[in-house]
Amino acid sequence: MHSKEQISHDEYQKTSDWLMSHTKHRPIVAIICGSGLGMLADTLKCQDSFDYSDIPGFPQSTVQGHAGRLVFGELKGKSCVCMQGRFHMYEGHSLLKTTFPIRVFKLMGVETLIVTNAAGSLADSLRPGDIMIIKDHINFPGLVGLNPLCGPNDEKFGPRFPAMSGCYDKGLRSLVMELAKQMGVSSLVQEGVYAMVGGPNFETIAEAKLLHRLGVDAVGMSTAPEVVVATHCGLRVFGLSLITNKVVKSYEDSESVNHEGVLEVGRLRSQTVQQLVTELISRMEINNNENTNNVS
Ligand SMILES: O=P(O)(O)O[C@@H]1C[C@H](O)[C@@H](CO)O1
Ligand SMILES: Nc1nc2[nH]cnc2c(=O)[nH]1
């Protein structure tokens with residue numbers, strides 16, 4: 001089950017050095033755009049962007065709605081880097097490749113990771129178009145040993161046995177709840193538990209019932225490996241799921257989900273997600289100012 005693949009510290013460093021020599025931005029925040037949410041990158045000012053295919057060591061995006069571009073720029077005076085397109089296990093990437101950018105971000109000086117995704121809801125209180133602030137996750141592939149941290153541990157990044165309780169920063173979660181109130185969109189926003197499944201198929205009804213009984217609020221096919229690797233190397237994490245569909249949990253229900261519908265809800269709610277993330281970045285406190293305002 002375990003792959004023998006390893007990525008050395010030097011390989012992450014080479015990619016980081018290449019990027020740092022091709023942009024003047026020195027990002028302190030990294031944003032990963034979920035399906036249909038790539039427009040988050042459009043808000044960045046003074047952009048430098050790179051196709052993944054041009055970045056040494058970077059995997060390639062193959063999913064519709066994931067452009068495959070890394071965009072550097074400024075948002076509210078803070079230097080950011082944005083992944084327009086992420087890597088999923090179901091595309092055939094190893095978990096190390098899926099999470100490759102996270103350690104590159106760490107080496108570039110990023111302190112905070114914002115992850116977004118499209119997800120189906122199991123909680124009755126979450127409707128399509130709602131935004132779920134991720135309070136915690138269940139990493140189903142991880143529970144059976146499909147974890148990017150399997151294999152030799154690189155102590156330069158983090159410990160062999162990292163804690164994962166509290167991996168979604170409480171302060172940032174409360175801040176976004178507060179911002180949602182101030183923006184008049186609090187009726188769309190609530191906290192919940194995200195579960196990652198392997199995909200690429202959507203859930204059977206029996207699987208949906210199981211997830212519901214286990215206390216999962218929303219389900220998707222990404223995010224958990226990225227958050228595990230980010231937490232391992234000491235990044236502060238904030239995550240949100242855009243609820244794009246209800247997961248069908250009844251044999252009487254004739255609805256079914258498809259990727260086009262997922263992307264469509266992403267487009268419809270893009271503005272609100274964009275505003276929330278922009279306000280979050282504007283208001284979040286930064287620990288280490290070394291990387292701030294380095295763009296000349
Ligand atoms: O990258 P995310 O997690 O937003 O993508 C979700 C899960 C699948 O990749 C896809 C299904 O429509 O959307
Ligand atoms: N697994 C899963 N991923 C999703 N991504 C968007 N909607 C869904 C869903 O219903 N199930």
# chains A, B, ... in the order shown; residues from 1 in each chain; ligands from 1
>>> residues_around(residues="A:Gly92", least_positions_apart="6", cutoff="12 Å", atoms="only C-alpha atoms", output="list in words")
Pro59, Gln60, Ser61, Thr62, Val63, Thr98, Gly198, Gly199 and Pro200 of chain A
>>> write_last_selection(atoms="N, CA and C atoms", output="JSON list (two decimals), in the first residue's frame")
[["chain", "number", "residue", "atom", "x", "y", "z"],
["A", 59, "PRO", "N", 3.68, 19.22, -9.99],
["A", 59, "PRO", "CA", 2.77, 18.32, -10.72],
["A", 59, "PRO", "C", 1.85, 19.14, -11.64],
["A", 60, "GLN", "N", 1.05, 18.45, -12.44],
["A", 60, "GLN", "CA", 0.13, 19.13, -13.37],
["A", 60, "GLN", "C", -1.32, 18.90, -12.94],
["A", 61, "SER", "N", -2.15, 19.94, -13.11],
["A", 61, "SER", "CA", -3.59, 19.80, -12.83],
["A", 61, "SER", "C", -4.28, 19.17, -14.02],
["A", 62, "THR", "N", -5.18, 18.25, -13.78],
["A", 62, "THR", "CA", -5.89, 17.63, -14.91],
["A", 62, "THR", "C", -7.40, 17.79, -14.82],
["A", 63, "VAL", "N", -7.89, 18.48, -13.79],
["A", 63, "VAL", "CA", -9.34, 18.53, -13.56],
["A", 63, "VAL", "C", -9.95, 19.82, -14.10],
["A", 98, "THR", "N", 0.68, 15.41, -4.40],
["A", 98, "THR", "CA", -0.53, 16.20, -4.11],
["A", 98, "THR", "C", -0.22, 17.36, -3.17],
["A", 198, "GLY", "N", -11.69, 9.32, -1.17],
["A", 198, "GLY", "CA", -10.73, 9.24, -2.27],
["A", 198, "GLY", "C", -11.28, 9.70, -3.62],
["A", 199, "GLY", "N", -12.60, 9.53, -3.85],
["A", 199, "GLY", "CA", -13.15, 9.85, -5.16],
["A", 199, "GLY", "C", -12.59, 8.90, -6.22],
["A", 200, "PRO", "N", -12.78, 9.15, -7.51],
["A", 200, "PRO", "CA", -13.47, 10.31, -8.06],
["A", 200, "PRO", "C", -15.00, 10.14, -8.15]]
>>> residues_near_ligand(ligand="ligand 2", cutoff="10 Å", atoms="only C-alpha atoms and all ligand atoms", output="MDAnalysis selection string")
chainID A and resid 34:35 117:122 128 195:204 208 218:222 241:248 256:259 261:263 265:266
>>> residues_around(residues="A:Gln275", least_positions_apart="5", cutoff="12 Å", atoms="only C-alpha atoms", output="PyMOL selection string")
chain A and resi 39-43+75-76+176+179-180+182-185+269-270+280-282
>>> closest_residue(among="A:Lys14, A:Lys78, A:His88, A:Lys209", to="ligand 1", atoms="only C-alpha atoms and all ligand atoms")
A:His88
>>> select_by_dssp(residues="stretch 190-295 of chain A", states="strand (DSSP E or B)", output="ChimeraX atom specification")
/A:190-196,218-220,236-246
>>> write_last_selection(atoms="N, CA and C atoms", output="mmCIF file, in the first residue's frame")
data_model
loop_
_atom_site.group_PDB
_atom_site.id
_atom_site.type_symbol
_atom_site.label_atom_id
_atom_site.label_comp_id
_atom_site.auth_asym_id
_atom_site.auth_seq_id
_atom_site.Cartn_x
_atom_site.Cartn_y
_atom_site.Cartn_z
ATOM 1 N N GLN A 190 -21.596 28.708 8.400
ATOM 2 C CA GLN A 190 -21.576 27.958 9.663
ATOM 3 C C GLN A 190 -20.353 27.061 9.703
ATOM 4 N N GLU A 191 -20.044 26.583 10.916
ATOM 5 C CA GLU A 191 -18.880 25.694 11.062
ATOM 6 C C GLU A 191 -19.305 24.241 10.907
ATOM 7 N N GLY A 192 -18.387 23.388 10.522
ATOM 8 C CA GLY A 192 -18.713 21.963 10.432
ATOM 9 C C GLY A 192 -17.487 21.104 10.192
ATOM 10 N N VAL A 193 -17.733 19.804 10.148
ATOM 11 C CA VAL A 193 -16.667 18.818 9.950
ATOM 12 C C VAL A 193 -16.663 18.367 8.492
ATOM 13 N N TYR A 194 -15.482 18.440 7.875
ATOM 14 C CA TYR A 194 -15.279 18.030 6.481
ATOM 15 C C TYR A 194 -14.677 16.624 6.480
ATOM 16 N N ALA A 195 -15.151 15.777 5.594
ATOM 17 C CA ALA A 195 -14.501 14.467 5.436
ATOM 18 C C ALA A 195 -13.945 14.360 4.042
ATOM 19 N N MET A 196 -12.710 13.851 3.967
ATOM 20 C CA MET A 196 -12.129 13.574 2.647
ATOM 21 C C MET A 196 -12.309 12.101 2.316
ATOM 22 N N ALA A 218 -19.848 17.755 5.733
ATOM 23 C CA ALA A 218 -19.645 17.943 4.291
ATOM 24 C C ALA A 218 -18.538 17.011 3.825
ATOM 25 N N VAL A 219 -18.671 16.537 2.578
ATOM 26 C CA VAL A 219 -17.696 15.573 2.064
ATOM 27 C C VAL A 219 -17.106 16.070 0.745
ATOM 28 N N GLY A 220 -15.815 15.807 0.575
ATOM 29 C CA GLY A 220 -15.136 16.186 -0.657
ATOM 30 C C GLY A 220 -13.979 15.237 -0.937
ATOM 31 N N ARG A 236 -0.083 27.888 9.932
ATOM 32 C CA ARG A 236 -1.419 28.140 10.491
ATOM 33 C C ARG A 236 -2.409 27.924 9.365
ATOM 34 N N VAL A 237 -3.524 27.222 9.658
ATOM 35 C CA VAL A 237 -4.449 26.842 8.581
ATOM 36 C C VAL A 237 -5.850 27.376 8.831
ATOM 37 N N PHE A 238 -6.427 27.912 7.757
ATOM 38 C CA PHE A 238 -7.868 28.201 7.747
ATOM 39 C C PHE A 238 -8.473 27.487 6.544
ATOM 40 N N GLY A 239 -9.641 26.859 6.723
ATOM 41 C CA GLY A 239 -10.262 26.164 5.591
ATOM 42 C C GLY A 239 -11.744 26.458 5.474
ATOM 43 N N LEU A 240 -12.203 26.536 4.243
ATOM 44 C CA LEU A 240 -13.657 26.636 4.047
ATOM 45 C C LEU A 240 -14.118 25.754 2.889
ATOM 46 N N SER A 241 -15.327 25.230 3.045
ATOM 47 C CA SER A 241 -15.959 24.446 1.983
ATOM 48 C C SER A 241 -17.116 25.243 1.427
ATOM 49 N N LEU A 242 -17.177 25.353 0.113
ATOM 50 C CA LEU A 242 -18.381 25.886 -0.507
ATOM 51 C C LEU A 242 -19.288 24.680 -0.762
ATOM 52 N N ILE A 243 -20.475 24.723 -0.206
ATOM 53 C CA ILE A 243 -21.407 23.606 -0.386
ATOM 54 C C ILE A 243 -22.035 23.732 -1.774
ATOM 55 N N THR A 244 -21.743 22.766 -2.619
ATOM 56 C CA THR A 244 -22.199 22.868 -4.012
ATOM 57 C C THR A 244 -23.402 21.970 -4.284
ATOM 58 N N ASN A 245 -23.664 21.040 -3.391
ATOM 59 C CA ASN A 245 -24.785 20.102 -3.614
ATOM 60 C C ASN A 245 -25.110 19.392 -2.311
ATOM 61 N N LYS A 246 -26.320 18.870 -2.257
ATOM 62 C CA LYS A 246 -26.676 17.977 -1.141
ATOM 63 C C LYS A 246 -26.267 16.577 -1.551
#
>>> closest_residue(among="A:Gly68, A:Gly77, A:Gly85, A:Gly215", to="ligand 1", atoms="only C-alpha atoms and all ligand atoms")
A:Gly85
>>> closest_residue(among="A:Ser49, A:Ile133, A:Leu107, A:Glu285", to="A:Arg173", atoms="only C-alpha atoms")
A:Ile133
>>> residues_around(residues="A:His232", least_positions_apart="6", cutoff="7 Å", atoms="only C-alpha atoms", output="PyMOL selection string")
chain A and resi 157-159+162
>>> closest_residue(among="A:Ser21, A:Gln84, A:Thr15, A:Gln6", to="ligand 1", atoms="only C-alpha atoms and all ligand atoms")
A:Gln84
>>> atom_distance(atom1="atom CA of A:Leu235", atom2="atom CA of A:Lys106")
7.4 Å
>>> residues_around(residues="A:Ser16", least_positions_apart="3", cutoff="9 Å", atoms="only C-alpha atoms", output="ChimeraX atom specification")
/A:11-13,19-21,103-108
>>> residues_around(residues="A:Cys82", least_positions_apart="2", cutoff="7 Å", atoms="only C-alpha atoms", output="JSON, numbers by chain")
{"A": [30, 31, 32, 41, 70, 71, 72, 80, 84]}
>>> atom_distance(atom1="atom CA of A:Gly109", atom2="atom CA of A:Gly234")
11.3 Å
>>> select_by_dssp(residues="stretch 22-141 of chain A", states="alpha helix (DSSP H)", output="list in words")
His22, Leu95, Leu96, Lys97, Thr98, Phe100, Pro101, Ile102, Arg103, Val104, Phe105, Lys106, Leu107, Met108, Phe140 and Pro141 of chain A
>>> write_last_selection(atoms="N, CA and C atoms", output="PDB file, in the first residue's frame")
ATOM      1  N   HIS A  22      12.152  34.083  -9.664  1.00  0.00           N
ATOM      2  CA  HIS A  22      11.333  34.544 -10.792  1.00  0.00           C
ATOM      3  C   HIS A  22      10.241  35.539 -10.377  1.00  0.00           C
ATOM      4  N   LEU A  95       0.352  11.005  -2.808  1.00  0.00           N
ATOM      5  CA  LEU A  95       0.012  12.025  -1.805  1.00  0.00           C
ATOM      6  C   LEU A  95       1.170  13.004  -1.607  1.00  0.00           C
ATOM      7  N   LEU A  96       2.391  12.535  -1.829  1.00  0.00           N
ATOM      8  CA  LEU A  96       3.542  13.450  -1.722  1.00  0.00           C
ATOM      9  C   LEU A  96       3.476  14.525  -2.808  1.00  0.00           C
ATOM     10  N   LYS A  97       3.078  14.105  -4.029  1.00  0.00           N
ATOM     11  CA  LYS A  97       2.951  15.077  -5.126  1.00  0.00           C
ATOM     12  C   LYS A  97       1.774  16.014  -4.866  1.00  0.00           C
ATOM     13  N   THR A  98       0.681  15.408  -4.396  1.00  0.00           N
ATOM     14  CA  THR A  98      -0.534  16.198  -4.112  1.00  0.00           C
ATOM     15  C   THR A  98      -0.220  17.359  -3.174  1.00  0.00           C
ATOM     16  N   PHE A 100       2.926  18.559  -2.569  1.00  0.00           N
ATOM     17  CA  PHE A 100       4.252  19.139  -2.868  1.00  0.00           C
ATOM     18  C   PHE A 100       4.298  20.665  -2.635  1.00  0.00           C
ATOM     19  N   PRO A 101       3.282  21.416  -3.134  1.00  0.00           N
ATOM     20  CA  PRO A 101       3.382  22.878  -3.002  1.00  0.00           C
ATOM     21  C   PRO A 101       3.429  23.363  -1.554  1.00  0.00           C
ATOM     22  N   ILE A 102       2.846  22.598  -0.643  1.00  0.00           N
ATOM     23  CA  ILE A 102       2.759  23.089   0.748  1.00  0.00           C
ATOM     24  C   ILE A 102       4.159  23.305   1.339  1.00  0.00           C
ATOM     25  N   ARG A 103       5.042  22.323   1.152  1.00  0.00           N
ATOM     26  CA  ARG A 103       6.396  22.464   1.706  1.00  0.00           C
ATOM     27  C   ARG A 103       7.196  23.522   0.937  1.00  0.00           C
ATOM     28  N   VAL A 104       6.879  23.654  -0.344  1.00  0.00           N
ATOM     29  CA  VAL A 104       7.527  24.732  -1.115  1.00  0.00           C
ATOM     30  C   VAL A 104       7.102  26.090  -0.520  1.00  0.00           C
ATOM     31  N   PHE A 105       5.820  26.210  -0.201  1.00  0.00           N
ATOM     32  CA  PHE A 105       5.333  27.470   0.402  1.00  0.00           C
ATOM     33  C   PHE A 105       6.056  27.738   1.724  1.00  0.00           C
ATOM     34  N   LYS A 106       6.176  26.689   2.521  1.00  0.00           N
ATOM     35  CA  LYS A 106       6.857  26.835   3.819  1.00  0.00           C
ATOM     36  C   LYS A 106       8.276  27.388   3.606  1.00  0.00           C
ATOM     37  N   LEU A 107       8.976  26.805   2.641  1.00  0.00           N
ATOM     38  CA  LEU A 107      10.359  27.246   2.386  1.00  0.00           C
ATOM     39  C   LEU A 107      10.402  28.674   1.831  1.00  0.00           C
ATOM     40  N   MET A 108       9.316  29.091   1.176  1.00  0.00           N
ATOM     41  CA  MET A 108       9.272  30.474   0.653  1.00  0.00           C
ATOM     42  C   MET A 108       8.964  31.493   1.751  1.00  0.00           C
ATOM     43  N   PHE A 140     -10.318  10.175   5.669  1.00  0.00           N
ATOM     44  CA  PHE A 140     -10.570   8.732   5.479  1.00  0.00           C
ATOM     45  C   PHE A 140      -9.387   7.999   4.848  1.00  0.00           C
ATOM     46  N   PRO A 141      -8.778   8.535   3.770  1.00  0.00           N
ATOM     47  CA  PRO A 141      -7.593   7.826   3.254  1.00  0.00           C
ATOM     48  C   PRO A 141      -6.496   7.730   4.317  1.00  0.00           C
TER      49      PRO A 141
END
>>> atom_distance(atom1="atom CA of A:Glu226", atom2="atom CA of A:Met284")
20.8 Å
>>> closest_residue(among="A:Glu264, A:Asp124, A:Glu111, A:Glu5", to="ligand 1", atoms="only C-alpha atoms and all ligand atoms")
A:Glu264
>>> closest_residue(among="A:Ser187, A:Gln47, A:Thr223, A:Asn147", to="ligand 1", atoms="only C-alpha atoms and all ligand atoms")
A:Thr223
